[in-house]
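Please read the structure below before turning to the comments.
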2 protein chains.
Amino acid sequence: MIVLKKDIYWSCNCGFRENAWLSYYWKCPVCGKPLNLDYEKRFEPVGGRGLARYSNMLPFSPIKTRGEGSTPLVFYEDGINKILFKLEYLNPSGSFKDRGSSLALTYAYSLGYKSVVEDTSGNTGVSVALYSKLYGMKCSIYMPKTAPRGKKILIKALGGSVIETENREEAALKVAESLNNSFYVAHTWNPIYILGASTIVYEIYEEFGVPDVVLTPIGSGGLFLGLHMGFRNLSLIENNIRIPYFIAIQGCSVQPVYEMIYGYRACGESWLADGIMVVKPPRLDEIVNVISTNRFRVELVNNDDVLNALRELHEMGFIVEPTSATVWAVYRRIRGDLRNKTILIPLTGSGLKTLDVWEAASRSPT
Amino acid sequence: MIVLKKDIYWSCNCGFRENAWLSYYWKCPVCGKPLNLDYEKRFEPVGGRGLARYSNMLPFSPIKTRGEGSTPLVFYEDGINKILFKLEYLNPSGSFKDRGSSLALTYAYSLGYKSVVEDTSGNTGVSVALYSKLYGMKCSIYMPKTAPRGKKILIKALGGSVIETENREEAALKVAESLNNSFYVAHTWNPIYILGASTIVYEIYEEFGVPDVVLTPIGSGGLFLGLHMGFRNLSLIENNIRIPYFIAIQGCSVQPVYEMIYGYRACGESWLADGIMVVKPPRLDEIVNVISTNRFRVELVNNDDVLNALRELHEMGFIVEPTSATVWAVYRRIRGDLRNKTILIPLTGSGLKTLDVWEAASRSPT
């Protein structure tokens with residue numbers, strides 16, 4: 001079932017507003033800041049599974065699907081709290097990014113684009129390659145040469161091209177030079193990825209309700225902003241919904257949100273959590289604003305924290321990648337402070353893509 | 001919700017019958033043949049998702065879950081037929097074996113076992129390691145040294161031990177010598193794995209109905225027998241259900257079912273489909289009997305078939321392992337003969353575990 005709403009608008013705090021079916025903008029054409037998408041929302045889940053179930057909360061539904069969304073929710077009691085693990089790593093390309101990609105590429109296809117470009121440290125590249133090919137679009141992914149080898153093999157297997165760069169920043173520069181008439185996904189800017197992540201909340205709300213606390217990693221902030229938006233949207237529509245308390249997690253190596261909130265840089269290394277090493281998140285101001293206004297907090301993890309948490313998650317039967325273990329690392333540290341709470345822990349990316357990383361890390365001290 | 005039926009019986013064609021809560025037998029203690037499990041069935045799906053939804057069709061439901069079952073069903077039209085892809089590779093350990101393992105380890109735990117042993121070429125080992133640890137049982141996996149490296153790393157990460165053997169047969173011999181008081185999963189013998197696979201059918205029946213044709217790989221035959229049992233069970237309970245026509249698929253390298261049905265051995269190599277290289281399936285007579293009685297057919301594939309089909313599946317957005325591509329290889333060959341049919345194609349195992357295999361195979365001619 002295809003649902004394409006007519007009244008969808010790009011909007012910016014600077015006042016820019018334009019119907020989103022006219023043109024795509026990855027950032028505001030007036031002030032250069034990240035855009036939002038405005039449209040009418042109703043919480044009326046339709047039948048079936050996947051993102052289309054929440055078409056009334058989205059600007060459009062995926063035209064084609066590969067089974068993204070409707071991921072399992074696993075309940076776990078540790079004697080202190082009740083934990084809800086949301087198994088986002090069981091999405092078709094192995095990460096929660098498939099929610100955003102399935103929407104973003106539906107939009108690109110609907111606008112008639114024939115090719116797609118993106119810069120990414122990994123999971124988004126795999127996801128974008130999958131959905132680009134699904135819609136018959138050529139796909140080029142710019143990524144740092146240090147990105148996990150498995151993710152590069154995968155992008156090529158899915159029919160995409162990989163262009164390696166020195167680092168994450170050069171990937172962003174190079175992709176900007178190569179735009180031409182391609183659809184630049186720009187997932188760290190694109191509000192569609194935030195909408196994608198918000199559908200995680202709608203699934204949890206239908207299956208369980210609203211948790212007390214949400215632990216989430218922050219790289220570019222798409223997941224954090226998406227989860228927060230999901231609960232906020234529900235609270236505006238449904239009665240008696242209280243937005244959970246968020247604990248946002250960054251790695252010591254790259255901690256822009258932590259620095260901006262607390263005014264200093266803590267030390268430590270966290271290259272194992274490669275998926276959240278985003279030096280300049282385009283939506284940094286927005287993230288910091290949500291955290292400050294709501295008095296949420298930010299926690300940091302280092303490589304040892306990640307490795308220990310990853311080992312524990314594996315032995316609990318969750319095959320996730322190191323970046324996904326950052327949330328469990330923080331939960332282990334603070335669980336005593338959160339008694340008798342229900343805690344949402346999204347597990348974001350599959351460990352099947354990063355077995356090399358796991359093998360190397362578990363052999364040698366980090 | 002835990003549902004443990006009291007009246008569950010091991011049963012054998014030789015006349016052996018015993019309540020299954022008294023003792024576990026991986027084969028008939030009287031005649032040495034594979035056993036069945038007898039119990040009362042009703043098709044009354046309960047709420048929720050996963051295997052517990054079909055507890056009325058099972059001898060027991062999983063006590064603990066990691067999100068197994070309720071996998072996505074993707075509809076695909078190729079202009080000739082309507083294909084239903086069942087995405088079994090999105091199970092928690094990356095294969096449909098999680099259905100059987102979640103049941104088998106629930107049973108082992110309920111009987112008080114403290115340790116588990118198994119011989120396998122890969123996916124079952126990963127799956128058994130995951131569910132053994134979940135129930136606090138020590139797990140030792142005997143597997144050929146040629147099994148994909150990623151699967152060995154995974155078993156260890158999940159807390160299991162890997163004991164490498166020269167080949168699949170030596171693995172079976174060694175595990176038999178090491179039984180002691182351990183639970184020997186014996187997935188190629190164990191009827192619980194057939195029951196696990198049968199739940200795939202109940203999900204498809206609820207979501208879609210009954211397809212015309214089922215394409216399925218046969219290694220030990222657990223998937224084939226499980227899918228057939230699922231439709232047969234439904235046909236005994238519900239009105240107007242016709243069992244679909246099955247096309248069973250083996251690799252040229254190891255083709256015991258093909259040989260026994262057609263009386264000769266075709267040539268070719270298919271080591272890429274390592275997951276179905278079972279030289280002596282314990283249930284060979286049973287498999288051949290189902291195929292002959294119903295006039296089903298068997299098709300063979302070689303490495304080129306697998307590689308081409310795998311490439312196509314990847315570019316269609318299905319990240320599966322080579323063994324899973326055998327069904328698509330056969331579909332591509334025979335699709336013209338099957339006009340306007342609905343075809344069920346289960347995609348059994350995740351390609352994220354076998355990226356090395358894919359990379360090597362796509363570089364060099366097979």
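Quick note on naming: the chains in the structure tokens go A, B, ... in the order shown, residues restart at 1 in each chain, and ligands are numbered from 1 in order of appearance.
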- Task: Excluding region 341-352 of chain A and any residue of its chain fewer than 2 positions from it, enumerate the residues within 6 Å of it, using only C-alpha atoms, and give them as a VMD selection string.
- Result: (chain A and resid 81 to 89 94 to 96 211 to 215 319 to 321 324 339 354 to 355) or (chain B and resid 352 to 353)
- Message: Please check the contacts: residues of chain B at most 8 Å away from chain A, using only C-alpha atoms, listed as a count of residues only.
- Response: 32
- Would you mind listing what lies within 6 Å of region 275-292 of chain A as a PyMOL selection string, with only C-alpha atoms counted and same-chain residues fewer than 5 positions away left out? chain A and resi 189+219-220+254+323
- Task: Within 10 Å of Cys12 (chain A), counting only C-alpha atoms, which residues show up once you throw out same-chain ones fewer than 5 positions away? Write them as a ChimeraX atom specification, please.
- Result: /A:17-18,27-38
Generate the output file for the selected residues, N, CA and C atoms, as a compact mmCIF listing (two decimals), in the first residue's frame.
```
# COMPACT_ATOMS: atom_id res chain seq x y z
N ARG A 17 10.17 27.46 4.06
CA ARG A 17 9.12 26.43 4.01
C ARG A 17 8.76 26.18 2.55
N GLU A 18 8.73 24.89 2.16
CA GLU A 18 8.42 24.58 0.75
C GLU A 18 7.88 23.16 0.68
N LYS A 27 19.91 20.26 3.12
CA LYS A 27 19.99 21.26 4.18
C LYS A 27 19.23 22.49 3.73
N CYS A 28 19.00 23.40 4.62
CA CYS A 28 18.19 24.57 4.28
C CYS A 28 18.87 25.41 3.20
N PRO A 29 18.17 25.66 2.08
CA PRO A 29 18.79 26.44 0.99
C PRO A 29 18.96 27.92 1.37
N VAL A 30 18.34 28.35 2.45
CA VAL A 30 18.47 29.75 2.87
C VAL A 30 19.59 29.93 3.89
N CYS A 31 19.52 29.16 5.01
CA CYS A 31 20.50 29.39 6.09
C CYS A 31 21.52 28.27 6.26
N GLY A 32 21.36 27.16 5.53
CA GLY A 32 22.36 26.08 5.61
C GLY A 32 22.22 25.16 6.80
N LYS A 33 21.17 25.35 7.59
CA LYS A 33 20.99 24.47 8.77
C LYS A 33 20.14 23.24 8.40
N PRO A 34 20.09 22.24 9.30
CA PRO A 34 19.27 21.06 9.00
C PRO A 34 17.78 21.40 8.94
N LEU A 35 17.07 20.71 8.06
CA LEU A 35 15.64 20.95 7.87
C LEU A 35 14.78 19.99 8.69
N ASN A 36 13.51 20.32 8.80
CA ASN A 36 12.52 19.39 9.34
C ASN A 36 11.46 19.12 8.29
N LEU A 37 10.64 18.10 8.54
CA LEU A 37 9.51 17.82 7.65
C LEU A 37 8.21 18.03 8.44
N ASP A 38 7.33 18.87 7.91
CA ASP A 38 6.03 19.13 8.56
C ASP A 38 4.91 18.44 7.79
```
- Message: Using Å and a single decimal, report how far CA of Ile243 (chain A) sits from CA of Thr124 (chain A).
- Response: 27.7 Å
With a distance cut-off of 7 Å and only C-alpha atoms, select the neighbouring residues of Pro322 (chain B), excluding the residue or stretch itself and same-chain residues fewer than 6 positions from it, and output the selection as a short mmCIF file (atom, residue, chain, number, x, y, z; two decimals) with C-alpha atoms, in the first residue's frame.
```
data_model
loop_
_atom_site.label_atom_id
_atom_site.label_comp_id
_atom_site.auth_asym_id
_atom_site.auth_seq_id
_atom_site.Cartn_x
_atom_site.Cartn_y
_atom_site.Cartn_z
CA LEU B 272 29.65 -23.34 -1.96
CA ALA B 273 26.42 -24.75 -0.54
CA VAL B 306 24.71 -20.95 -6.52
CA LEU B 310 23.53 -15.47 -4.76
#
```
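The residue that comes closest to Ser61 (chain A), out of A:Leu195, A:Thr188, A:Asn13, A:Asn123 and on the basis of only C-alpha atoms, is A:Leu195.
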- Please, which residues of region 33-210 of chain B, numbered as in this document, come out strand (DSSP E) from DSSP, as a ChimeraX atom specification? /B:36-38,73-77,82-87,115-119,138-144,161-165,183-184
Just write the chosen residues, N, CA and C atoms, as an mmCIF file, in the first residue's frame.
```cif
data_model
loop_
_atom_site.group_PDB
_atom_site.id
_atom_site.type_symbol
_atom_site.label_atom_id
_atom_site.label_comp_id
_atom_site.auth_asym_id
_atom_site.auth_seq_id
_atom_site.Cartn_x
_atom_site.Cartn_y
_atom_site.Cartn_z
ATOM 1 N N ASN B 36 9.932 -39.864 16.572
ATOM 2 C CA ASN B 36 8.975 -38.771 16.406
ATOM 3 C C ASN B 36 8.452 -38.358 17.773
ATOM 4 N N LEU B 37 7.751 -37.219 17.815
ATOM 5 C CA LEU B 37 7.102 -36.778 19.049
ATOM 6 C C LEU B 37 5.599 -36.748 18.814
ATOM 7 N N ASP B 38 4.849 -37.443 19.661
ATOM 8 C CA ASP B 38 3.383 -37.465 19.554
ATOM 9 C C ASP B 38 2.763 -36.619 20.656
ATOM 10 N N LEU B 73 7.767 -11.725 5.827
ATOM 11 C CA LEU B 73 7.385 -12.382 4.575
ATOM 12 C C LEU B 73 7.351 -11.278 3.515
ATOM 13 N N VAL B 74 8.201 -11.407 2.501
ATOM 14 C CA VAL B 74 8.298 -10.360 1.478
ATOM 15 C C VAL B 74 7.676 -10.860 0.176
ATOM 16 N N PHE B 75 6.724 -10.110 -0.338
ATOM 17 C CA PHE B 75 6.035 -10.478 -1.581
ATOM 18 C C PHE B 75 6.784 -9.890 -2.772
ATOM 19 N N TYR B 76 6.936 -10.704 -3.809
ATOM 20 C CA TYR B 76 7.733 -10.295 -4.954
ATOM 21 C C TYR B 76 7.090 -10.849 -6.218
ATOM 22 N N GLU B 77 6.835 -9.985 -7.194
ATOM 23 C CA GLU B 77 6.254 -10.451 -8.453
ATOM 24 C C GLU B 77 7.310 -10.320 -9.539
ATOM 25 N N LYS B 82 4.078 -15.249 -8.427
ATOM 26 C CA LYS B 82 4.124 -14.429 -7.212
ATOM 27 C C LYS B 82 4.964 -15.195 -6.195
ATOM 28 N N ILE B 83 6.036 -14.575 -5.755
ATOM 29 C CA ILE B 83 6.954 -15.277 -4.860
ATOM 30 C C ILE B 83 6.813 -14.731 -3.446
ATOM 31 N N LEU B 84 6.789 -15.637 -2.486
ATOM 32 C CA LEU B 84 6.793 -15.265 -1.076
ATOM 33 C C LEU B 84 8.163 -15.631 -0.522
ATOM 34 N N PHE B 85 8.978 -14.621 -0.253
ATOM 35 C CA PHE B 85 10.266 -14.886 0.386
ATOM 36 C C PHE B 85 10.069 -14.845 1.898
ATOM 37 N N LYS B 86 10.416 -15.919 2.561
ATOM 38 C CA LYS B 86 10.335 -15.943 4.020
ATOM 39 C C LYS B 86 11.741 -15.712 4.562
ATOM 40 N N LEU B 87 11.943 -14.593 5.262
ATOM 41 C CA LEU B 87 13.288 -14.141 5.625
ATOM 42 C C LEU B 87 13.784 -14.786 6.923
ATOM 43 N N SER B 115 24.864 -29.509 30.443
ATOM 44 C CA SER B 115 25.786 -29.288 29.326
ATOM 45 C C SER B 115 25.205 -29.866 28.038
ATOM 46 N N VAL B 116 25.698 -29.319 26.927
ATOM 47 C CA VAL B 116 25.133 -29.605 25.605
ATOM 48 C C VAL B 116 26.275 -29.905 24.638
ATOM 49 N N VAL B 117 26.103 -30.916 23.785
ATOM 50 C CA VAL B 117 27.081 -31.158 22.712
ATOM 51 C C VAL B 117 26.352 -31.265 21.377
ATOM 52 N N GLU B 118 27.057 -30.921 20.297
ATOM 53 C CA GLU B 118 26.447 -31.017 18.977
ATOM 54 C C GLU B 118 27.519 -31.094 17.908
ATOM 55 N N ASP B 119 27.215 -31.794 16.813
ATOM 56 C CA ASP B 119 28.078 -31.804 15.637
ATOM 57 C C ASP B 119 27.326 -31.118 14.508
ATOM 58 N N LYS B 138 26.614 -25.370 29.562
ATOM 59 C CA LYS B 138 27.908 -25.421 28.902
ATOM 60 C C LYS B 138 27.698 -26.053 27.512
ATOM 61 N N CYS B 139 28.383 -25.530 26.514
ATOM 62 C CA CYS B 139 28.103 -25.981 25.150
ATOM 63 C C CYS B 139 29.381 -26.284 24.378
ATOM 64 N N SER B 140 29.486 -27.491 23.821
ATOM 65 C CA SER B 140 30.650 -27.878 23.002
ATOM 66 C C SER B 140 30.178 -28.266 21.606
ATOM 67 N N ILE B 141 30.777 -27.620 20.608
ATOM 68 C CA ILE B 141 30.373 -27.834 19.218
ATOM 69 C C ILE B 141 31.510 -28.482 18.434
ATOM 70 N N TYR B 142 31.227 -29.639 17.851
ATOM 71 C CA TYR B 142 32.189 -30.346 16.998
ATOM 72 C C TYR B 142 31.887 -29.997 15.552
ATOM 73 N N MET B 143 32.865 -29.420 14.864
ATOM 74 C CA MET B 143 32.601 -29.029 13.479
ATOM 75 C C MET B 143 33.836 -29.197 12.606
ATOM 76 N N PRO B 144 33.604 -29.445 11.292
ATOM 77 C CA PRO B 144 34.739 -29.638 10.393
ATOM 78 C C PRO B 144 35.599 -28.383 10.318
ATOM 79 N N SER B 161 32.272 -23.752 23.096
ATOM 80 C CA SER B 161 33.601 -24.229 22.702
ATOM 81 C C SER B 161 33.506 -24.865 21.324
ATOM 82 N N VAL B 162 34.533 -24.653 20.510
ATOM 83 C CA VAL B 162 34.577 -25.271 19.181
ATOM 84 C C VAL B 162 35.649 -26.348 19.181
ATOM 85 N N ILE B 163 35.283 -27.577 18.796
ATOM 86 C CA ILE B 163 36.265 -28.640 18.628
ATOM 87 C C ILE B 163 36.292 -28.970 17.134
ATOM 88 N N GLU B 164 37.438 -28.676 16.487
ATOM 89 C CA GLU B 164 37.524 -28.872 15.037
ATOM 90 C C GLU B 164 37.850 -30.319 14.685
ATOM 91 N N THR B 165 37.229 -30.808 13.607
ATOM 92 C CA THR B 165 37.481 -32.174 13.146
ATOM 93 C C THR B 165 37.855 -32.135 11.667
ATOM 94 N N PHE B 183 23.473 -33.172 27.012
ATOM 95 C CA PHE B 183 22.351 -33.237 26.079
ATOM 96 C C PHE B 183 22.926 -33.198 24.662
ATOM 97 N N TYR B 184 22.754 -34.290 23.919
ATOM 98 C CA TYR B 184 23.228 -34.324 22.533
ATOM 99 C C TYR B 184 22.083 -33.838 21.646
#
```
- Query: Please, which residues of region 81-273 of chain A, numbered as in this document, come out helix (DSSP H, G or I) from DSSP, as a ChimeraX atom specification?
  - Reply: /A:88-90,97-110,123-134,149-157,168-177,191-207,222-237,256-262
Let me see the file: selected residues, C-alpha atoms, as an mmCIF file, in the first residue's frame.
```
data_model
loop_
_atom_site.group_PDB
_atom_site.id
_atom_site.type_symbol
_atom_site.label_atom_id
_atom_site.label_comp_id
_atom_site.auth_asym_id
_atom_site.auth_seq_id
_atom_site.Cartn_x
_atom_site.Cartn_y
_atom_site.Cartn_z
ATOM 1 C CA GLU A 88 17.152 -3.390 15.705
ATOM 2 C CA TYR A 89 20.100 -5.450 14.475
ATOM 3 C CA LEU A 90 17.573 -7.888 12.997
ATOM 4 C CA LYS A 97 19.276 2.559 9.573
ATOM 5 C CA ASP A 98 17.020 0.469 7.333
ATOM 6 C CA ARG A 99 14.020 2.332 8.729
ATOM 7 C CA GLY A 100 15.348 5.681 7.506
ATOM 8 C CA SER A 101 16.779 4.280 4.292
ATOM 9 C CA SER A 102 13.545 2.587 3.264
ATOM 10 C CA LEU A 103 11.771 5.953 3.622
ATOM 11 C CA ALA A 104 14.555 8.094 2.122
ATOM 12 C CA LEU A 105 14.931 5.936 -0.975
ATOM 13 C CA THR A 106 11.149 5.751 -1.431
ATOM 14 C CA TYR A 107 11.195 9.537 -1.509
ATOM 15 C CA ALA A 108 14.197 9.713 -3.888
ATOM 16 C CA TYR A 109 12.509 7.216 -6.230
ATOM 17 C CA SER A 110 9.219 9.118 -6.110
ATOM 18 C CA ASN A 123 25.945 0.781 8.503
ATOM 19 C CA THR A 124 24.188 3.560 6.614
ATOM 20 C CA GLY A 125 26.217 2.695 3.535
ATOM 21 C CA VAL A 126 25.081 -0.925 3.609
ATOM 22 C CA SER A 127 21.500 0.134 4.170
ATOM 23 C CA VAL A 128 21.505 2.807 1.454
ATOM 24 C CA ALA A 129 23.100 0.381 -1.027
ATOM 25 C CA LEU A 130 20.347 -2.158 -0.360
ATOM 26 C CA TYR A 131 17.415 0.230 -0.845
ATOM 27 C CA SER A 132 19.008 2.104 -3.777
ATOM 28 C CA LYS A 133 19.328 -1.125 -5.736
ATOM 29 C CA LEU A 134 15.787 -2.080 -4.746
ATOM 30 C CA ARG A 149 36.026 -4.533 6.009
ATOM 31 C CA GLY A 150 32.829 -6.581 6.188
ATOM 32 C CA LYS A 151 30.702 -3.497 5.587
ATOM 33 C CA LYS A 152 32.663 -2.624 2.426
ATOM 34 C CA ILE A 153 32.301 -6.151 1.027
ATOM 35 C CA LEU A 154 28.582 -5.948 1.725
ATOM 36 C CA ILE A 155 28.042 -2.629 -0.036
ATOM 37 C CA LYS A 156 29.673 -4.065 -3.156
ATOM 38 C CA ALA A 157 27.692 -7.309 -2.900
ATOM 39 C CA ARG A 168 35.056 10.485 7.941
ATOM 40 C CA GLU A 169 35.508 14.211 7.250
ATOM 41 C CA GLU A 170 37.121 13.671 3.848
ATOM 42 C CA ALA A 171 34.208 11.381 2.971
ATOM 43 C CA ALA A 172 31.814 14.265 3.659
ATOM 44 C CA LEU A 173 33.897 16.670 1.545
ATOM 45 C CA LYS A 174 34.274 14.273 -1.376
ATOM 46 C CA VAL A 175 30.603 13.421 -1.510
ATOM 47 C CA ALA A 176 29.723 17.122 -1.619
ATOM 48 C CA GLU A 177 31.966 17.507 -4.687
ATOM 49 C CA PRO A 191 14.991 14.457 8.905
ATOM 50 C CA ILE A 192 13.710 11.312 7.156
ATOM 51 C CA TYR A 193 16.190 9.247 9.217
ATOM 52 C CA ILE A 194 14.769 10.774 12.387
ATOM 53 C CA LEU A 195 11.252 9.852 11.250
ATOM 54 C CA GLY A 196 12.513 6.347 10.497
ATOM 55 C CA ALA A 197 13.873 5.972 14.030
ATOM 56 C CA SER A 198 10.627 7.328 15.512
ATOM 57 C CA THR A 199 8.788 4.225 14.254
ATOM 58 C CA ILE A 200 10.765 2.179 16.825
ATOM 59 C CA VAL A 201 8.770 4.031 19.488
ATOM 60 C CA TYR A 202 5.395 3.348 17.867
ATOM 61 C CA GLU A 203 6.153 -0.380 17.830
ATOM 62 C CA ILE A 204 7.203 -0.397 21.475
ATOM 63 C CA TYR A 205 4.171 1.651 22.476
ATOM 64 C CA GLU A 206 1.810 -0.810 20.784
ATOM 65 C CA GLU A 207 3.542 -3.903 22.173
ATOM 66 C CA GLY A 222 19.363 10.445 14.431
ATOM 67 C CA LEU A 223 18.401 7.632 16.796
ATOM 68 C CA PHE A 224 18.281 9.872 19.877
ATOM 69 C CA LEU A 225 16.214 12.557 18.123
ATOM 70 C CA GLY A 226 13.994 9.910 16.501
ATOM 71 C CA LEU A 227 13.216 8.130 19.756
ATOM 72 C CA HIS A 228 12.556 11.435 21.492
ATOM 73 C CA MET A 229 10.366 12.636 18.624
ATOM 74 C CA GLY A 230 8.414 9.376 18.708
ATOM 75 C CA PHE A 231 7.511 9.730 22.382
ATOM 76 C CA ARG A 232 6.856 13.464 21.983
ATOM 77 C CA ASN A 233 4.532 12.857 19.022
ATOM 78 C CA LEU A 234 2.644 10.233 21.022
ATOM 79 C CA SER A 235 2.374 12.574 24.025
ATOM 80 C CA LEU A 236 0.814 15.247 21.802
ATOM 81 C CA ILE A 237 -1.747 12.815 20.376
ATOM 82 C CA PRO A 256 30.913 16.720 20.993
ATOM 83 C CA VAL A 257 27.570 16.445 22.794
ATOM 84 C CA TYR A 258 29.202 15.706 26.156
ATOM 85 C CA GLU A 259 31.617 18.626 25.692
ATOM 86 C CA MET A 260 28.876 21.075 24.796
ATOM 87 C CA ILE A 261 26.636 20.008 27.694
ATOM 88 C CA TYR A 262 29.261 19.822 30.442
#
```
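Put simply, CA of Ala248 (chain B) is 20.6 Å away from CA of Ile80 (chain B).
Of note, CA of Gly268 (chain A) and CA of Val298 (chain A) are spaced 15.4 Å apart.
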